[in-house]
>>> print(open('run.cif').read())   # mmCIF, C-alpha atoms
data_target
#
loop_
_atom_site.group_PDB
_atom_site.id
_atom_site.type_symbol
_atom_site.label_atom_id
_atom_site.label_comp_id
_atom_site.auth_asym_id
_atom_site.auth_seq_id
_atom_site.Cartn_x
_atom_site.Cartn_y
_atom_site.Cartn_z
ATOM 1 C CA MET A 1 0.000 0.000 0.000
ATOM 2 C CA PHE A 2 1.278 3.470 -0.956
ATOM 3 C CA GLU A 3 4.359 1.939 -2.577
ATOM 4 C CA THR A 4 4.431 4.698 -5.206
ATOM 5 C CA LEU A 5 4.695 7.400 -2.535
ATOM 6 C CA PHE A 6 7.840 5.810 -1.151
ATOM 7 C CA SER A 7 9.437 4.662 -4.394
ATOM 8 C CA LYS A 8 11.478 7.840 -4.697
ATOM 9 C CA GLY A 9 12.830 10.552 -2.424
ATOM 10 C CA GLY A 10 11.489 14.065 -1.991
ATOM 11 C CA LEU A 11 8.508 13.581 0.343
ATOM 12 C CA SER A 12 8.865 14.055 4.096
ATOM 13 C CA LEU A 13 7.094 15.644 7.048
ATOM 14 C CA ASP A 14 9.836 18.250 7.282
ATOM 15 C CA ARG A 15 9.357 19.276 3.640
ATOM 16 C CA LEU A 16 5.597 19.523 4.114
ATOM 17 C CA ARG A 17 6.099 21.626 7.235
ATOM 18 C CA SER A 18 8.380 24.016 5.346
ATOM 19 C CA PHE A 19 5.852 24.259 2.536
ATOM 20 C CA LEU A 20 3.070 25.098 4.993
ATOM 21 C CA GLU A 21 5.219 27.721 6.720
ATOM 22 C CA MET A 22 5.765 29.452 3.383
ATOM 23 C CA ALA A 23 2.106 29.079 2.382
ATOM 24 C CA GLU A 24 0.848 30.689 5.593
ATOM 25 C CA ALA A 25 3.503 33.429 5.715
ATOM 26 C CA GLY A 26 3.072 34.415 2.064
ATOM 27 C CA SER A 27 6.757 34.284 1.172
ATOM 28 C CA ILE A 28 9.924 32.389 2.005
ATOM 29 C CA ALA A 29 11.460 35.524 3.531
ATOM 30 C CA LYS A 30 8.509 35.977 5.887
ATOM 31 C CA ALA A 31 8.543 32.289 6.805
ATOM 32 C CA ALA A 32 12.126 32.621 8.067
ATOM 33 C CA PRO A 33 12.824 36.339 8.642
ATOM 34 C CA GLY A 34 16.497 37.142 8.851
ATOM 35 C CA ASP A 35 17.574 33.499 8.530
ATOM 36 C CA VAL A 36 19.197 33.131 5.104
ATOM 37 C CA VAL A 37 20.142 29.501 5.703
ATOM 38 C CA ARG A 38 16.573 28.536 6.602
ATOM 39 C CA GLN A 39 15.199 30.499 3.655
ATOM 40 C CA SER A 40 17.497 28.567 1.295
ATOM 41 C CA GLN A 41 16.402 25.305 2.890
ATOM 42 C CA ILE A 42 12.689 26.113 2.478
ATOM 43 C CA SER A 43 13.229 27.074 -1.166
ATOM 44 C CA ARG A 44 15.061 23.814 -1.837
ATOM 45 C CA GLN A 45 12.458 21.703 -0.045
ATOM 46 C CA ILE A 46 9.617 23.280 -2.041
ATOM 47 C CA ARG A 47 11.467 22.494 -5.285
ATOM 48 C CA GLU A 48 11.897 18.905 -4.095
ATOM 49 C CA LEU A 49 8.176 18.621 -3.392
ATOM 50 C CA GLU A 50 7.395 20.001 -6.846
ATOM 51 C CA GLU A 51 9.694 17.422 -8.408
ATOM 52 C CA PHE A 52 8.157 14.634 -6.336
ATOM 53 C CA PHE A 53 4.555 15.483 -7.216
ATOM 54 C CA GLY A 54 5.317 16.668 -10.731
ATOM 55 C CA ALA A 55 3.316 19.845 -10.117
ATOM 56 C CA GLU A 56 3.992 23.544 -9.820
ATOM 57 C CA LEU A 57 3.064 24.478 -6.253
ATOM 58 C CA THR A 58 3.878 28.199 -6.233
ATOM 59 C CA GLN A 59 4.087 31.122 -8.596
ATOM 60 C CA ARG A 60 5.981 34.346 -8.099
ATOM 61 C CA ARG A 61 3.859 37.479 -8.029
ATOM 62 C CA GLY A 62 6.035 40.523 -7.476
ATOM 63 C CA LYS A 63 8.099 39.919 -4.354
ATOM 64 C CA THR A 64 5.787 37.262 -2.946
ATOM 65 C CA LEU A 65 4.926 33.677 -3.746
ATOM 66 C CA VAL A 66 1.327 32.639 -4.259
ATOM 67 C CA LEU A 67 0.018 29.099 -4.252
ATOM 68 C CA THR A 68 -1.199 27.540 -7.445
ATOM 69 C CA ALA A 69 -4.401 25.486 -7.393
ATOM 70 C CA ALA A 70 -2.252 22.400 -6.846
ATOM 71 C CA GLY A 71 -0.360 24.204 -4.068
ATOM 72 C CA ARG A 72 -3.573 25.147 -2.262
ATOM 73 C CA ARG A 73 -4.787 21.568 -2.453
ATOM 74 C CA LEU A 74 -1.498 20.203 -1.117
ATOM 75 C CA ALA A 75 -1.553 22.780 1.692
ATOM 76 C CA ASP A 76 -5.068 21.708 2.714
ATOM 77 C CA LEU A 77 -4.127 18.021 2.623
ATOM 78 C CA SER A 78 -0.875 18.546 4.509
ATOM 79 C CA ARG A 79 -2.430 20.720 7.178
ATOM 80 C CA GLY A 80 -5.133 18.165 7.886
ATOM 81 C CA GLN A 81 -2.720 15.236 7.997
ATOM 82 C CA LEU A 82 -0.210 16.995 10.249
ATOM 83 C CA GLN A 83 -3.008 18.143 12.567
ATOM 84 C CA GLY A 84 -4.266 14.571 12.777
ATOM 85 C CA LEU A 85 -0.807 13.271 13.651
ATOM 86 C CA ASP A 86 -0.386 15.915 16.344
ATOM 87 C CA ASP A 87 -3.805 15.055 17.809
ATOM 88 C CA PHE A 88 -2.780 11.381 17.878
ATOM 89 C CA ARG A 89 0.508 12.247 19.619
ATOM 90 C CA ARG A 90 -1.293 14.320 22.238
ATOM 91 C CA GLU A 91 -3.907 11.633 22.875
ATOM 92 C CA GLU A 92 -1.284 8.905 23.324
ATOM 93 C CA GLN A 93 0.699 11.111 25.710
ATOM 94 C CA GLY A 94 -2.391 12.022 27.702
ATOM 95 C CA GLN A 95 -2.284 15.659 26.621
ATOM 96 C CA PRO A 96 -5.301 17.793 25.666
ATOM 97 C CA LYS A 97 -5.881 18.730 22.042
ATOM 98 C CA ALA A 98 -5.132 22.297 20.942
ATOM 99 C CA PHE A 99 -7.766 24.430 19.209
ATOM 100 C CA VAL A 100 -7.521 27.899 17.667
ATOM 101 C CA PHE A 101 -10.302 30.455 18.225
ATOM 102 C CA GLY A 102 -10.430 33.522 16.016
ATOM 103 C CA SER A 103 -12.442 36.745 16.038
ATOM 104 C CA GLY A 104 -12.079 40.479 15.539
ATOM 105 C CA ALA A 105 -9.980 42.308 18.139
ATOM 106 C CA SER A 106 -12.847 43.871 20.095
ATOM 107 C CA THR A 107 -14.924 40.690 19.952
ATOM 108 C CA LEU A 108 -11.948 38.663 21.120
ATOM 109 C CA GLU A 109 -11.413 40.969 24.080
ATOM 110 C CA SER A 110 -15.024 41.389 25.166
ATOM 111 C CA LEU A 111 -16.697 38.117 24.152
ATOM 112 C CA VAL A 112 -14.187 35.304 23.638
ATOM 113 C CA ALA A 113 -11.348 35.924 26.118
ATOM 114 C CA PRO A 114 -13.516 36.102 29.286
ATOM 115 C CA ARG A 115 -15.065 32.756 28.345
ATOM 116 C CA LEU A 116 -11.875 30.840 27.503
ATOM 117 C CA PRO A 117 -11.929 28.700 30.692
ATOM 118 C CA ALA A 118 -15.522 27.589 30.023
ATOM 119 C CA LEU A 119 -14.742 26.999 26.331
ATOM 120 C CA ALA A 120 -11.739 24.853 27.223
ATOM 121 C CA GLU A 121 -13.894 22.755 29.538
ATOM 122 C CA ALA A 122 -16.571 22.319 26.848
ATOM 123 C CA LEU A 123 -13.858 20.949 24.541
ATOM 124 C CA GLY A 124 -12.604 18.369 27.018
ATOM 125 C CA GLY A 125 -10.003 20.478 28.793
ATOM 126 C CA ALA A 126 -8.423 21.609 25.539
ATOM 127 C CA GLN A 127 -5.492 23.981 25.138
ATOM 128 C CA LEU A 128 -6.845 27.121 23.453
ATOM 129 C CA GLN A 129 -5.066 29.654 21.264
ATOM 130 C CA THR A 130 -6.564 32.899 19.971
ATOM 131 C CA GLU A 131 -6.049 34.914 16.799
ATOM 132 C CA SER A 132 -7.448 38.273 15.775
ATOM 133 C CA HIS A 133 -8.505 38.946 12.186
ATOM 134 C CA ARG A 134 -11.426 40.437 10.293
ATOM 135 C CA SER A 135 -14.377 38.205 9.438
ATOM 136 C CA SER A 136 -13.429 37.673 5.789
ATOM 137 C CA ALA A 137 -9.913 36.536 6.701
ATOM 138 C CA LEU A 138 -11.250 34.267 9.438
ATOM 139 C CA VAL A 139 -13.716 32.558 7.100
ATOM 140 C CA GLU A 140 -10.797 31.769 4.784
ATOM 141 C CA ALA A 141 -8.691 30.550 7.715
ATOM 142 C CA VAL A 142 -11.495 28.228 8.830
ATOM 143 C CA ARG A 143 -11.816 26.868 5.294
ATOM 144 C CA GLU A 144 -8.086 26.185 5.158
ATOM 145 C CA GLY A 145 -8.016 24.608 8.622
ATOM 146 C CA ARG A 146 -5.744 27.228 10.186
ATOM 147 C CA VAL A 147 -8.482 28.265 12.642
ATOM 148 C CA ASP A 148 -10.806 25.726 14.266
ATOM 149 C CA PHE A 149 -13.573 28.049 15.492
ATOM 150 C CA ALA A 150 -14.273 31.664 14.590
ATOM 151 C CA VAL A 151 -16.736 34.286 15.747
ATOM 152 C CA VAL A 152 -17.598 36.165 12.553
ATOM 153 C CA ARG A 153 -20.384 38.114 10.908
ATOM 154 C CA ARG A 154 -22.836 35.555 9.607
ATOM 155 C CA ASP A 155 -23.076 37.369 6.278
ATOM 156 C CA ALA A 156 -19.328 36.807 5.756
ATOM 157 C CA ILE A 157 -19.892 33.045 5.478
ATOM 158 C CA ALA A 158 -20.469 32.179 1.822
ATOM 159 C CA ASP A 159 -22.942 29.356 2.477
ATOM 160 C CA PRO A 160 -24.096 29.500 6.108
ATOM 161 C CA SER A 161 -25.988 26.494 7.434
ATOM 162 C CA LYS A 162 -26.515 24.604 10.669
ATOM 163 C CA LYS A 163 -23.651 22.357 9.540
ATOM 164 C CA ASN A 164 -21.041 25.129 9.655
ATOM 165 C CA CYS A 165 -22.334 27.894 11.945
ATOM 166 C CA LEU A 166 -24.611 28.697 14.878
ATOM 167 C CA PRO A 167 -26.044 32.156 15.710
ATOM 168 C CA LEU A 168 -24.661 33.920 18.781
ATOM 169 C CA LEU A 169 -26.016 37.460 19.022
ATOM 170 C CA LYS A 170 -26.961 40.515 17.008
ATOM 171 C CA LEU A 171 -24.857 43.637 17.110
ATOM 172 C CA SER A 172 -26.445 46.953 18.013
ATOM 173 C CA PHE A 173 -24.827 50.376 18.356
ATOM 174 C CA HIS A 174 -25.102 52.974 21.067
ATOM 175 C CA LEU A 175 -24.182 56.594 21.639
ATOM 176 C CA CYS A 176 -22.107 56.834 24.818
ATOM 177 C CA ILE A 177 -21.348 60.264 26.329
ATOM 178 C CA PRO A 178 -19.793 60.929 29.755
ATOM 179 C CA ARG A 179 -22.165 63.009 31.888
ATOM 180 C CA ARG A 180 -19.409 65.439 32.817
ATOM 181 C CA LEU A 181 -19.207 66.535 29.153
ATOM 182 C CA LEU A 182 -22.923 67.415 29.049
ATOM 183 C CA PRO A 183 -25.079 70.099 30.672
ATOM 184 C CA LYS A 184 -26.336 69.130 34.106
ATOM 185 C CA ALA A 185 -29.628 67.212 34.285
ATOM 186 C CA THR A 186 -29.139 65.816 30.757
ATOM 187 C CA GLU A 187 -30.797 62.389 30.449
ATOM 188 C CA ALA A 188 -30.389 59.580 27.930
ATOM 189 C CA SER A 189 -33.593 60.617 26.162
ATOM 190 C CA ASP A 190 -32.024 64.039 25.493
ATOM 191 C CA LEU A 191 -29.289 62.463 23.394
ATOM 192 C CA ALA A 192 -31.624 62.402 20.397
ATOM 193 C CA ASP A 193 -30.710 66.089 20.042
ATOM 194 C CA THR A 194 -27.790 66.034 17.602
ATOM 195 C CA GLY A 195 -26.933 69.544 18.724
ATOM 196 C CA LEU A 196 -25.519 68.059 21.909
ATOM 197 C CA TRP A 197 -23.167 65.830 19.916
ATOM 198 C CA SER A 198 -21.376 68.731 18.288
ATOM 199 C CA LYS A 199 -20.423 70.128 21.679
ATOM 200 C CA VAL A 200 -18.472 67.126 22.952
ATOM 201 C CA PRO A 201 -15.203 65.517 21.802
ATOM 202 C CA PHE A 202 -15.503 62.133 20.118
ATOM 203 C CA ALA A 203 -13.248 59.128 19.632
ATOM 204 C CA ALA A 204 -13.528 56.919 16.563
ATOM 205 C CA GLY A 205 -11.623 54.272 14.693
ATOM 206 C CA ARG A 206 -9.076 55.073 12.029
ATOM 207 C CA ASP A 207 -8.686 51.677 10.345
ATOM 208 C CA GLY A 208 -10.963 52.566 7.438
ATOM 209 C CA GLY A 209 -12.975 49.424 8.070
ATOM 210 C CA GLN A 210 -16.630 48.978 7.230
ATOM 211 C CA LEU A 211 -17.894 49.931 10.695
ATOM 212 C CA ASP A 212 -15.671 53.005 10.920
ATOM 213 C CA ARG A 213 -16.872 54.255 7.526
ATOM 214 C CA THR A 214 -20.496 53.547 8.397
ATOM 215 C CA ILE A 215 -20.319 55.521 11.654
ATOM 216 C CA ARG A 216 -18.778 58.520 9.900
ATOM 217 C CA GLU A 217 -21.377 58.387 7.125
ATOM 218 C CA ALA A 218 -24.202 58.150 9.681
ATOM 219 C CA MET A 219 -22.886 61.195 11.519
ATOM 220 C CA GLU A 220 -22.720 63.137 8.263
ATOM 221 C CA LYS A 221 -26.305 62.180 7.387
ATOM 222 C CA ALA A 222 -27.384 63.324 10.854
ATOM 223 C CA GLY A 223 -25.934 66.758 10.063
ATOM 224 C CA VAL A 224 -23.060 66.478 12.528
ATOM 225 C CA ASP A 225 -19.688 67.956 11.596
ATOM 226 C CA PHE A 226 -17.907 64.826 12.795
ATOM 227 C CA ARG A 227 -14.249 65.546 13.499
ATOM 228 C CA PRO A 228 -13.058 63.062 16.140
ATOM 229 C CA ARG A 229 -10.521 64.426 18.587
ATOM 230 C CA PHE A 230 -9.111 60.919 18.994
ATOM 231 C CA GLU A 231 -8.709 58.407 16.166
ATOM 232 C CA CYS A 232 -7.807 55.001 17.508
ATOM 233 C CA GLY A 233 -6.517 51.764 16.062
ATOM 234 C CA SER A 234 -9.193 49.629 17.712
ATOM 235 C CA MET A 235 -12.628 49.813 19.304
ATOM 236 C CA LEU A 236 -11.006 48.730 22.571
ATOM 237 C CA GLN A 237 -8.988 51.944 22.651
ATOM 238 C CA VAL A 238 -12.121 53.963 21.919
ATOM 239 C CA ARG A 239 -13.945 52.248 24.787
ATOM 240 C CA GLN A 240 -11.057 52.966 27.152
ATOM 241 C CA LEU A 241 -11.264 56.681 26.422
ATOM 242 C CA VAL A 242 -15.018 56.648 27.069
ATOM 243 C CA MET A 243 -14.487 54.833 30.382
ATOM 244 C CA GLN A 244 -11.962 57.519 31.343
ATOM 245 C CA GLU A 245 -14.720 60.088 30.619
ATOM 246 C CA SER A 246 -12.428 61.781 28.095
ATOM 247 C CA CYS A 247 -14.812 61.668 25.146
ATOM 248 C CA ALA A 248 -17.972 60.282 23.582
ATOM 249 C CA ALA A 249 -18.181 57.443 21.059
ATOM 250 C CA ILE A 250 -20.447 55.082 19.171
ATOM 251 C CA LEU A 251 -19.925 51.635 20.709
ATOM 252 C CA PRO A 252 -21.360 48.209 19.881
ATOM 253 C CA ASN A 253 -23.376 46.378 22.513
ATOM 254 C CA LEU A 254 -20.399 44.056 23.100
ATOM 255 C CA ALA A 255 -18.483 47.013 24.535
ATOM 256 C CA LEU A 256 -21.196 48.205 26.937
ATOM 257 C CA PRO A 257 -20.684 45.803 29.882
ATOM 258 C CA GLY A 258 -18.557 47.527 32.474
ATOM 259 C CA LEU A 259 -19.527 51.086 31.559
ATOM 260 C CA ASP A 260 -20.675 52.990 34.651
ATOM 261 C CA GLU A 261 -24.052 54.444 33.643
ATOM 262 C CA ARG A 262 -23.909 56.754 36.654
ATOM 263 C CA LYS A 263 -21.080 58.501 34.821
ATOM 264 C CA ILE A 264 -21.838 57.700 31.184
ATOM 265 C CA LEU A 265 -25.144 58.203 29.377
ATOM 266 C CA VAL A 266 -25.950 55.416 26.928
ATOM 267 C CA ALA A 267 -28.667 55.615 24.268
ATOM 268 C CA PRO A 268 -29.410 53.624 21.092
ATOM 269 C CA PHE A 269 -27.752 55.190 18.048
ATOM 270 C CA ALA A 270 -30.810 55.485 15.824
ATOM 271 C CA ALA A 271 -28.763 56.185 12.704
ATOM 272 C CA LEU A 272 -27.432 52.602 12.825
ATOM 273 C CA ALA A 273 -30.644 50.919 13.956
ATOM 274 C CA GLY A 274 -30.789 48.914 10.746
ATOM 275 C CA TYR A 275 -27.094 48.107 10.598
ATOM 276 C CA GLY A 276 -27.079 45.325 13.171
ATOM 277 C CA ARG A 277 -25.135 42.293 12.028
ATOM 278 C CA GLU A 278 -25.506 38.827 13.445
ATOM 279 C CA LEU A 279 -22.420 37.203 14.900
ATOM 280 C CA ALA A 280 -22.092 33.458 14.480
ATOM 281 C CA LEU A 281 -19.791 30.658 15.566
ATOM 282 C CA HIS A 282 -18.212 29.242 12.411
ATOM 283 C CA TRP A 283 -16.283 25.999 11.856
ATOM 284 C CA ASN A 284 -15.193 23.613 9.120
ATOM 285 C CA PRO A 285 -17.457 20.524 9.327
ATOM 286 C CA ARG A 286 -14.848 18.205 7.859
ATOM 287 C CA GLN A 287 -12.136 19.413 10.196
ATOM 288 C CA VAL A 288 -14.123 19.108 13.425
ATOM 289 C CA GLU A 289 -15.245 15.616 12.400
ATOM 290 C CA VAL A 290 -11.689 14.490 11.701
ATOM 291 C CA ARG A 291 -10.532 15.994 14.991
ATOM 292 C CA GLY A 292 -13.251 14.181 16.899
ATOM 293 C CA VAL A 293 -15.241 17.214 18.064
ATOM 294 C CA LEU A 294 -18.788 16.055 18.792
ATOM 295 C CA PRO A 295 -21.844 18.107 17.725
ATOM 296 C CA GLU A 296 -22.906 18.511 21.355
ATOM 297 C CA SER A 297 -19.522 20.048 22.176
ATOM 298 C CA ILE A 298 -19.985 22.611 19.410
ATOM 299 C CA ARG A 299 -23.445 23.443 20.728
ATOM 300 C CA LYS A 300 -21.962 23.948 24.218
ATOM 301 C CA VAL A 301 -19.314 26.277 22.783
ATOM 302 C CA ALA A 302 -21.978 28.332 21.006
ATOM 303 C CA ALA A 303 -24.151 28.485 24.144
ATOM 304 C CA ILE A 304 -21.215 29.739 26.218
ATOM 305 C CA LEU A 305 -20.400 32.468 23.701
ATOM 306 C CA ALA A 306 -24.067 33.449 23.466
ATOM 307 C CA GLY A 307 -24.218 33.888 27.232
ATOM 308 C CA GLU A 308 -26.649 31.035 27.778
ATOM 309 C CA LYS A 309 -26.504 29.108 31.034
#
>>> encode(input="run.cif", output="structure tokens")
Amino acid sequence: MFETLFSKGGLSLDRLRSFLEMAEAGSIAKAAPGDVVRQSQISRQIRELEEFFGAELTQRRGKTLVLTAAGRRLADLSRGQLQGLDDFRREEQGQPKAFVFGSGASTLESLVAPRLPALAEALGGAQLQTESHRSSALVEAVREGRVDFAVVRRDAIADPSKKNCLPLLKLSFHLCIPRRLLPKATEASDLADTGLWSKVPFAAGRDGGQLDRTIREAMEKAGVDFRPRFECGSMLQVRQLVMQESCAAILPNLALPGLDERKILVAPFAALAGYGRELALHWNPRQVEVRGVLPESIRKVAAILAGEK
């Protein structure tokens, strides 16, 4: 069995590992930064794999290497096989399996990280790793098997179904203004007056992402000359400034827990009432099956993230 695979040299776990390192980094230089010897080794091992399989695995595009269709298929196969071998090693040594959870930065901080102990228990005492990316990148990472579970916008999943995702919660957005920045006796119901908004400093994102653009467009439509005093690299930084009572901001419902409403007025941001996106737990059905994750474990994970008891 498999005699043809072993009839000639060129195939090994080390070569496949080097190929995957390059595939995930995007270039040989990034796979081994500053290590010329290792870079030369990776380049040679990829050529040896190409000779063994008789297929072109990469193509040069500018200064980077991109995978060909054959390269993407080999990467998927290799990743799954190596993950299976590592799971087997861990099981035989009495060690827990390792799973990767991914989500956006603010979601990771506010939703996923506080629940990591419960998530680990739901997955049999697993070792958990986290990664932060946007939804589109996470969906691709789940497809490729680089991330086991991801909290993403449901509309980012090309073909959502009960077989690859479960709903968690719907995002809503809120205007949050420290009371000390407003006239005395101002109540949350008064925040519908956009005139108040122009009199307080705001913080906003500066990443040019979809949410950041949408907030700025909504402010413009509301007739507000929106010029944030603070432009931050993440929603977490924006929230921190609001908690310090330094400025106002538009925050998602995920960021509201922990805000002191005695000091900060919070009201629904009507301009984004129809923008709410549903967050979902996403996974690769084939990968979780191969890794032995039972459907009831996935349902427990989703329930924990959704805040269900």
>>> resolve_selection(input="run.cif", expression="the PyMOL selection byres ((chain A and resi 270) around 10)", output="list in words")
Ser172, Phe173, His174, Leu175, Ala192, Ala218, Ala222, Ala267, Pro268, Phe269, Ala271, Leu272, Ala273, Gly274 and Tyr275 of chain A
>>> resolve_selection(input="run.cif", expression="the PyMOL selection byres ((chain A and resi 102) around 7)", output="PyMOL selection string")
chain A and resi 100-101+103+130-133+138+147+149-151
>>> closest_residue(input="run.cif", among="A:Leu196, A:Ala280, A:Met22, A:Leu211", to="Ala306 in chain A", atoms="all atoms listed in the file")
A:Ala280
>>> closest_residue(input="run.cif", among="A:Glu231, A:Glu278, A:Glu296, A:Glu56", to="Pro160 in chain A", atoms="all atoms listed in the file")
A:Glu278
>>> resolve_selection(input="run.cif", expression="the PyMOL selection byres ((chain A and resi 164) around 12)", output="compact mmCIF listing (two decimals) with C-alpha atoms, in the coordinates of the input")
# COMPACT_ATOMS: atom_id res chain seq x y z
CA VAL A 139 -13.72 32.56 7.10
CA VAL A 142 -11.50 28.23 8.83
CA ARG A 143 -11.82 26.87 5.29
CA ASP A 148 -10.81 25.73 14.27
CA PHE A 149 -13.57 28.05 15.49
CA ALA A 150 -14.27 31.66 14.59
CA VAL A 151 -16.74 34.29 15.75
CA VAL A 152 -17.60 36.16 12.55
CA ARG A 154 -22.84 35.56 9.61
CA ILE A 157 -19.89 33.04 5.48
CA ALA A 158 -20.47 32.18 1.82
CA ASP A 159 -22.94 29.36 2.48
CA PRO A 160 -24.10 29.50 6.11
CA SER A 161 -25.99 26.49 7.43
CA LYS A 162 -26.52 24.60 10.67
CA LYS A 163 -23.65 22.36 9.54
CA CYS A 165 -22.33 27.89 11.94
CA LEU A 166 -24.61 28.70 14.88
CA PRO A 167 -26.04 32.16 15.71
CA ALA A 280 -22.09 33.46 14.48
CA LEU A 281 -19.79 30.66 15.57
CA HIS A 282 -18.21 29.24 12.41
CA TRP A 283 -16.28 26.00 11.86
CA ASN A 284 -15.19 23.61 9.12
CA PRO A 285 -17.46 20.52 9.33
CA ARG A 286 -14.85 18.20 7.86
CA GLN A 287 -12.14 19.41 10.20
CA VAL A 288 -14.12 19.11 13.42
CA GLU A 289 -15.24 15.62 12.40
CA PRO A 295 -21.84 18.11 17.73
CA ILE A 298 -19.98 22.61 19.41
CA ARG A 299 -23.44 23.44 20.73
CA ALA A 302 -21.98 28.33 21.01
>>> atom_distance(input="run.cif", atom1="CA of Thr107 in chain A", atom2="CA of Arg146 in chain A")
19.0 Å
>>> closest_residue(input="run.cif", among="A:Glu3, A:Gln83, A:Ile304, A:Gly125", to="Ala113 in chain A", atoms="all atoms listed in the file")
A:Ile304
>>> atom_distance(input="run.cif", atom1="CA of Ser18 in chain A", atom2="CA of Thr64 in chain A")
15.8 Å
>>> atom_distance(input="run.cif", atom1="CA of Glu51 in chain A", atom2="CA of Arg38 in chain A")
19.9 Å
>>> residues_around(input="run.cif", residues="Arg229 in chain A", least_positions_apart="3", cutoff="12 Å", atoms="all atoms listed in the file", output="VMD selection string")
chain A and resid 198 to 206 226 232 238 241 246 to 249
